[in-house]
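Novice: The structure is given below, and queries will be raised subsequently.
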Amino acid sequence: MTAEAAETAFGELYEEQPDLFIFDPVAIAERLEKPKNPDMGNYALPLFDLAKTAHGNPADLNKQLTDAQNALINQKDGFDYLSFEAVGGFNNCRVSAGATAKLVLSAIATDEDEYGSSDEGRGKNIVIDFSSPNIAKPFGIGHLRSTAIGNSLYRIFQKLGYRPIGINHLGDWGTQFGKLIVAYNLWGIEMQNKEPIAGLYDLYVKFHREEEKDPSLSEKAREAFKALEDGNQDEAELWKEFRDLSLQSFQQIYDRLGVHFDYNHGESFYNDKMDATVARLEAAGLVTDSQGARVVNLEAYNLPPCLLAKADGATLYATRDIAGILYRWETFRFERALYVVGAAQQDHFKQVFKVIELLEDAEQTLPEERISPRLQHIEFGWIRFKDQAMSTRKGNIIILEDVLNKATTLARELILEKNPDLAELDKTAQIIGVGAVIFADLSTRKHIDVNFDWDAVLTFEGETGPYLQYTHARLCSLLRHYQQPIPETVDYRYLDQPEEKNVLDVLYRFPFVVRESAETCEPYVISTYLLTLGAAFNKVYQRKNDDGKIDRIISDDTEQTAARMALVNAVRVVIREGLYLLGITAPDEM
RNA sequence: GCCCCCGUAGCUCAGGGGAUAGAGCAGUGGUUUCCUAAACCAUUGGUCGCAGGUUCAAUUCCUGCCGGGGGUACCA
């Protein structure tokens, strides 16, 4: 029994009586909603506005309708899994337990981790630009959001059949490197004995401190970057060294998080494409001079001008993003390109996307060849710390590695306390610690600002990643105890407890949830779904009989146990797959 | 000034026209002759920022205001 089938059944029932009912089956299918209170049945049809059009009162119409519905069910074969009830203005429909169970559990048993997958994206490339940390700075907690959201979207779109292309648009170019080069030449000696990234970061912070006292440093930094961009040897060598050191350090983080990129094309990658890009925009008549800078005026669109080149000729990040879009289009012919970047940059992306659109207008690009409708900024809120914005310039930053280390250590202590015989202690501790950190980041809507809170990240109880991992481990444990394969055919009517029916309803929703998370580009849709599923199953697991004793999943009743194990396995599959879509591993034991 | 986001329980957040507004944490009281208590049950706690409007129905949609955050041409 599925919602579609319920909708069809509703429709068929109504078509039987076209004179009695003013409804058309399609309209009914669209109106059907899920009651918040499960006692009200599986589906509800609100009649208020329909009653109004028919000039009747909802309760009377409902009574008439319900009687006719139930009469039809008695007459016709094949609908006896449905029953209708009138409650005020709501026409409620109930679906029998066995019908849902059979459909959902056999689908999961067959598809396993492919449950909820589709091929709707077959043959379509989707570029996902995410993570994109800045070279020569530590990987801060602020970069976790882009990394975690982007990685999750990568997996979600892959599940729907798309070919995702993950690009780490490293911040490896720009005026900041002028600053770093100047700082290194001035004070590099002081940093010799430090760990390289920490040393570079200290230089960066020191530069900003000194710059306030000595504004001429800003000028020197601009000159140094210009020299770098012009290919000057000394600057280029320093830059390359900074970049290599940073990449090594970032790779350790990505390995720990289980994040993979298809390309590490940072901003510098587009350096040799700048001139052609600016020339193309100029040929399209979009570029003007303004106070010495090269600019695309966007006043007509209520946006600040998009700066392509500074007065000294050096390029800006907008130029590099525009060049990047053109390059990616030529290379990947993407269906869509997603930029997983903080909300603070929304004006920047509006500008850049608008410039692309104007370019296409000017070049009279054919509709199917147009890039601009495919571009989307996936924005998210800031991570703040103690109500302050984190600023790498000021040195007010929390390092992701420290957070992962603390979470892993805590997980290790907990395992030693709760399950000291666990074989893979360190590996499991790592999985749980990292899972807690990622889940904490992906469990709220992405566009709200989040206050970084050590306690929230280091909690493994309640609505957390470890809660789901723990539930998964217990499911695996049940399967181990069962010690036999689950029979191919089981009698689903044994799954008749309200707690079990609820789990079935939640399992049924998973494919829709995956699709919704893709449509909205919101991993938290999956996070909250998994919490609902975990809680629903834990109620089954610890359900008590009337005598006050736990109603065990595994009992002497082999038929009932078989049906329950089919449910257990289905929940296990969906939690595991759901966590995978968030970028989190589910251990079999913990 | 202009643009964007947020305001729901003590705290962190769901819900985004419909039936008594939900979770987790924190508080209180329970559950283990062990299918992993990282769990489960019960219970305390809310003029859904304020004021209008649209509607049979508004926490949800519209407008205004208040409060918080962010962006706004040579940083990214």
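Every chain in the structure tokens has a letter given in the order shown (A, B, ...), and although residue numbers restart at 1 in each chain, ligands are simply numbered from 1 in the order shown.
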Return as CSV the residues of chain A lying at most 6 Å from chain B, together with the closest atom-to-atom pair for each and the distance in Å to one decimal, counting only C-alpha atoms (C1' of nucleotides), with rows in chain order and ascending residue number.
Specialist:
```
residue,atom,partner,partner_atom,distance
A:Lys310,CA,B:C74,C1',4.8
A:Ala344,CA,B:G70,C1',5.9
A:Glu461,CA,B:A38,C1',5.7
A:Gly462,CA,B:G24,C1',5.4
A:Glu463,CA,B:G24,C1',5.5
A:Leu478,CA,B:C35,C1',5.6
A:Gln542,CA,B:C40,C1',5.8
```
Novice: Neighbouring residues of G45 (chain B) were defined as those with any atom within 10 Å, considering only C-alpha atoms (C1' of nucleotides); residues of the same chain fewer than 6 positions away were excluded. Please report them as a JSON list (two decimals) with N, CA and C atoms (P, O5', C5', C4', C3', O3' and C1' of nucleotides), in the first residue's frame.
Specialist:
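Writing the result to out-v7.json gives the following:
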```json
[["chain", "number", "residue", "atom", "x", "y", "z"],
["B", 9, "A", "P", 10.50, 30.03, 22.57],
["B", 9, "A", "O5'", 9.76, 29.00, 23.52],
["B", 9, "A", "C5'", 8.95, 29.46, 24.60],
["B", 9, "A", "C4'", 9.09, 28.51, 25.76],
["B", 9, "A", "C3'", 10.52, 28.30, 26.23],
["B", 9, "A", "O3'", 10.61, 28.39, 27.65],
["B", 9, "A", "C1'", 9.51, 26.22, 25.73],
["B", 10, "G", "P", 10.71, 29.72, 28.41],
["B", 10, "G", "O5'", 12.26, 29.74, 28.75],
["B", 10, "G", "C5'", 12.86, 30.81, 29.48],
["B", 10, "G", "C4'", 14.26, 30.37, 29.84],
["B", 10, "G", "C3'", 15.09, 29.88, 28.67],
["B", 10, "G", "O3'", 15.81, 30.95, 28.09],
["B", 10, "G", "C1'", 15.10, 28.24, 30.38],
["B", 27, "G", "P", 19.98, 18.23, 34.68],
["B", 27, "G", "O5'", 18.56, 18.70, 35.21],
["B", 27, "G", "C5'", 18.45, 19.90, 35.96],
["B", 27, "G", "C4'", 17.07, 20.05, 36.49],
["B", 27, "G", "C3'", 16.45, 18.82, 37.14],
["B", 27, "G", "O3'", 16.93, 18.64, 38.47],
["B", 27, "G", "C1'", 14.86, 19.83, 35.73]]
```
Novice: Pick out each residue of region 18-107 of chain A that DSSP on the backbone tags as strand (DSSP E); I need them as a list of chain:residue names.
Specialist: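 Going through region 18-107 of chain A, the strand (DSSP E) residues come out as A:Tyr43, A:Ala44, A:Leu45, A:Pro46, A:Leu82, A:Ser83, A:Phe84, A:Glu85, A:Ala86, A:Val87, A:Phe90, A:Asn91, A:Asn92, A:Cys93, A:Arg94, A:Val95.
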Novice: Which neighbours of Asp453 (chain A) fall inside 10 Å, counting only C-alpha atoms (C1' of nucleotides), when residues of the same chain fewer than 6 positions from it are skipped, and could you give them as a PyMOL selection string?
Specialist: (chain A and resi 383-386) or (chain B and resi 12)
Novice: Could the residues in this selection be saved with N, CA, C and O atoms (P, O5', C5', C4', C3', O3' and C1' of nucleotides) as an mmCIF file, in the first residue's frame?
Specialist:
```
data_model
loop_
_atom_site.group_PDB
_atom_site.id
_atom_site.type_symbol
_atom_site.label_atom_id
_atom_site.label_comp_id
_atom_site.auth_asym_id
_atom_site.auth_seq_id
_atom_site.Cartn_x
_atom_site.Cartn_y
_atom_site.Cartn_z
ATOM 1 N N ILE A 383 29.014 30.516 10.986
ATOM 2 C CA ILE A 383 29.279 29.907 12.283
ATOM 3 C C ILE A 383 29.896 30.994 13.135
ATOM 4 O O ILE A 383 30.912 31.589 12.768
ATOM 5 N N ARG A 384 29.237 31.295 14.223
ATOM 6 C CA ARG A 384 29.779 32.316 15.122
ATOM 7 C C ARG A 384 30.302 31.656 16.379
ATOM 8 O O ARG A 384 29.989 30.507 16.670
ATOM 9 N N PHE A 385 31.099 32.386 17.104
ATOM 10 C CA PHE A 385 31.651 31.843 18.336
ATOM 11 C C PHE A 385 31.444 32.867 19.425
ATOM 12 O O PHE A 385 31.891 34.008 19.306
ATOM 13 N N LYS A 386 30.713 32.450 20.452
ATOM 14 C CA LYS A 386 30.364 33.371 21.531
ATOM 15 C C LYS A 386 29.815 34.678 20.956
ATOM 16 O O LYS A 386 30.230 35.775 21.314
ATOM 17 P P U B 12 19.749 29.584 22.496
ATOM 18 O "O5'" U B 12 19.894 28.152 21.819
ATOM 19 C "C5'" U B 12 21.162 27.527 21.704
ATOM 20 C "C4'" U B 12 21.035 26.246 20.923
ATOM 21 C "C3'" U B 12 20.256 26.356 19.621
ATOM 22 O "O3'" U B 12 21.064 26.864 18.569
ATOM 23 C "C1'" U B 12 19.512 24.458 20.806
#
```
Novice: Within 10 Å of Asn264 (chain A), counting only C-alpha atoms (C1' of nucleotides), which residues qualify if same-chain residues fewer than 2 places away don't, as a ChimeraX atom specification?
Specialist: /A:132,166-170,247,261-262,266-267,269
Novice: Okay, now the selection with N, CA, C and O atoms, as a CSV table (one decimal), in the first residue's frame?
Specialist:
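again01.csv written:
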```
chain,number,residue,atom,x,y,z
A,132,SER,N,36.5,24.7,-0.4
A,132,SER,CA,37.2,25.9,-0.8
A,132,SER,C,37.9,26.7,0.3
A,132,SER,O,37.6,27.9,0.5
A,166,GLY,N,32.8,17.1,-8.0
A,166,GLY,CA,33.2,17.9,-6.9
A,166,GLY,C,34.5,18.7,-7.1
A,166,GLY,O,35.5,18.2,-7.5
A,167,ILE,N,34.4,20.0,-7.0
A,167,ILE,CA,35.5,20.9,-7.2
A,167,ILE,C,35.9,21.7,-5.9
A,167,ILE,O,35.0,22.3,-5.4
A,168,ASN,N,37.1,21.6,-5.5
A,168,ASN,CA,37.6,22.3,-4.4
A,168,ASN,C,38.2,23.6,-4.9
A,168,ASN,O,39.3,23.6,-5.4
A,169,HIS,N,37.5,24.7,-4.9
A,169,HIS,CA,37.9,26.0,-5.4
A,169,HIS,C,38.8,26.7,-4.4
A,169,HIS,O,38.4,27.6,-3.8
A,170,LEU,N,40.0,26.1,-4.2
A,170,LEU,CA,40.9,26.6,-3.2
A,170,LEU,C,41.2,28.1,-3.3
A,170,LEU,O,41.4,28.6,-4.4
A,247,LEU,N,48.1,22.2,1.1
A,247,LEU,CA,47.3,21.0,0.5
A,247,LEU,C,47.6,19.8,1.3
A,247,LEU,O,46.6,19.0,1.5
A,261,PHE,N,37.3,15.0,-3.6
A,261,PHE,CA,37.0,15.9,-4.7
A,261,PHE,C,37.5,15.3,-6.0
A,261,PHE,O,38.5,14.6,-6.1
A,262,ASP,N,36.8,15.7,-7.1
A,262,ASP,CA,37.2,15.3,-8.4
A,262,ASP,C,38.3,16.2,-8.9
A,262,ASP,O,39.2,15.8,-9.7
A,266,GLY,N,42.0,25.3,-7.9
A,266,GLY,CA,41.8,26.6,-7.1
A,266,GLY,C,41.7,27.8,-8.0
A,266,GLY,O,41.7,27.7,-9.2
A,267,GLU,N,41.7,28.9,-7.3
A,267,GLU,CA,41.6,30.2,-8.1
A,267,GLU,C,42.8,30.3,-9.0
A,267,GLU,O,42.6,30.9,-10.1
A,269,PHE,N,44.2,28.3,-10.8
A,269,PHE,CA,44.1,27.5,-12.0
A,269,PHE,C,43.6,28.3,-13.2
A,269,PHE,O,43.8,28.0,-14.3
```
Novice: According to DSSP computed on the backbone, where in region 333-451 of chain A is there helix (DSSP H, G or I)? Give the residues as a ChimeraX atom specification.
Specialist: /A:343-363,367-369,372-374,400-418,425-442
Novice: Determine, counting only C-alpha atoms (C1' of nucleotides), which protein, DNA and RNA residues have an atom within 9 Å of an atom of Val525 (chain A); residues of the same chain fewer than 2 positions away are not included. Present the result as a list in words.
Specialist: Ser443, Thr444, Arg445, Val513, Val514, Glu516, Ser517, Thr520, Glu522, Pro523, Ser527, Thr528, Tyr529 and Leu530 of chain A
Novice: Okay, now the selection with C-alpha atoms, as a compact mmCIF listing (two decimals), in the first residue's frame?
Specialist:
```
# COMPACT_ATOMS: atom_id res chain seq x y z
CA SER A 443 21.13 18.95 11.58
CA THR A 444 19.76 22.47 11.19
CA ARG A 445 18.52 24.34 8.15
CA VAL A 513 12.85 12.53 1.70
CA VAL A 514 15.89 11.90 -0.49
CA GLU A 516 13.18 16.60 -1.17
CA SER A 517 16.71 17.02 0.13
CA THR A 520 15.96 21.97 -1.68
CA GLU A 522 19.13 20.69 2.24
CA PRO A 523 20.89 17.76 3.91
CA SER A 527 19.11 14.40 9.29
CA THR A 528 15.74 15.13 10.85
CA TYR A 529 14.19 12.22 9.00
CA LEU A 530 16.78 9.84 10.43
```
Novice: List the spatial neighbours of Lys406 (chain A) as a ChimeraX atom specification - criterion: any atom at most 12 Å away, only C-alpha atoms (C1' of nucleotides), same-chain residues fewer than 5 positions off excluded.
Specialist: /A:399-401,411-413,429-430,432-434,436-437,454-455,457-459
Novice: At a cut-off of 7 Å, using only C-alpha atoms (C1' of nucleotides), what residues contact Val503 (chain A)? Leave out same-chain residues fewer than 5 positions from it and give the result as a list in words.
Specialist: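 My reading of the contact set: Leu533, Ala536 and Phe537 of chain A.
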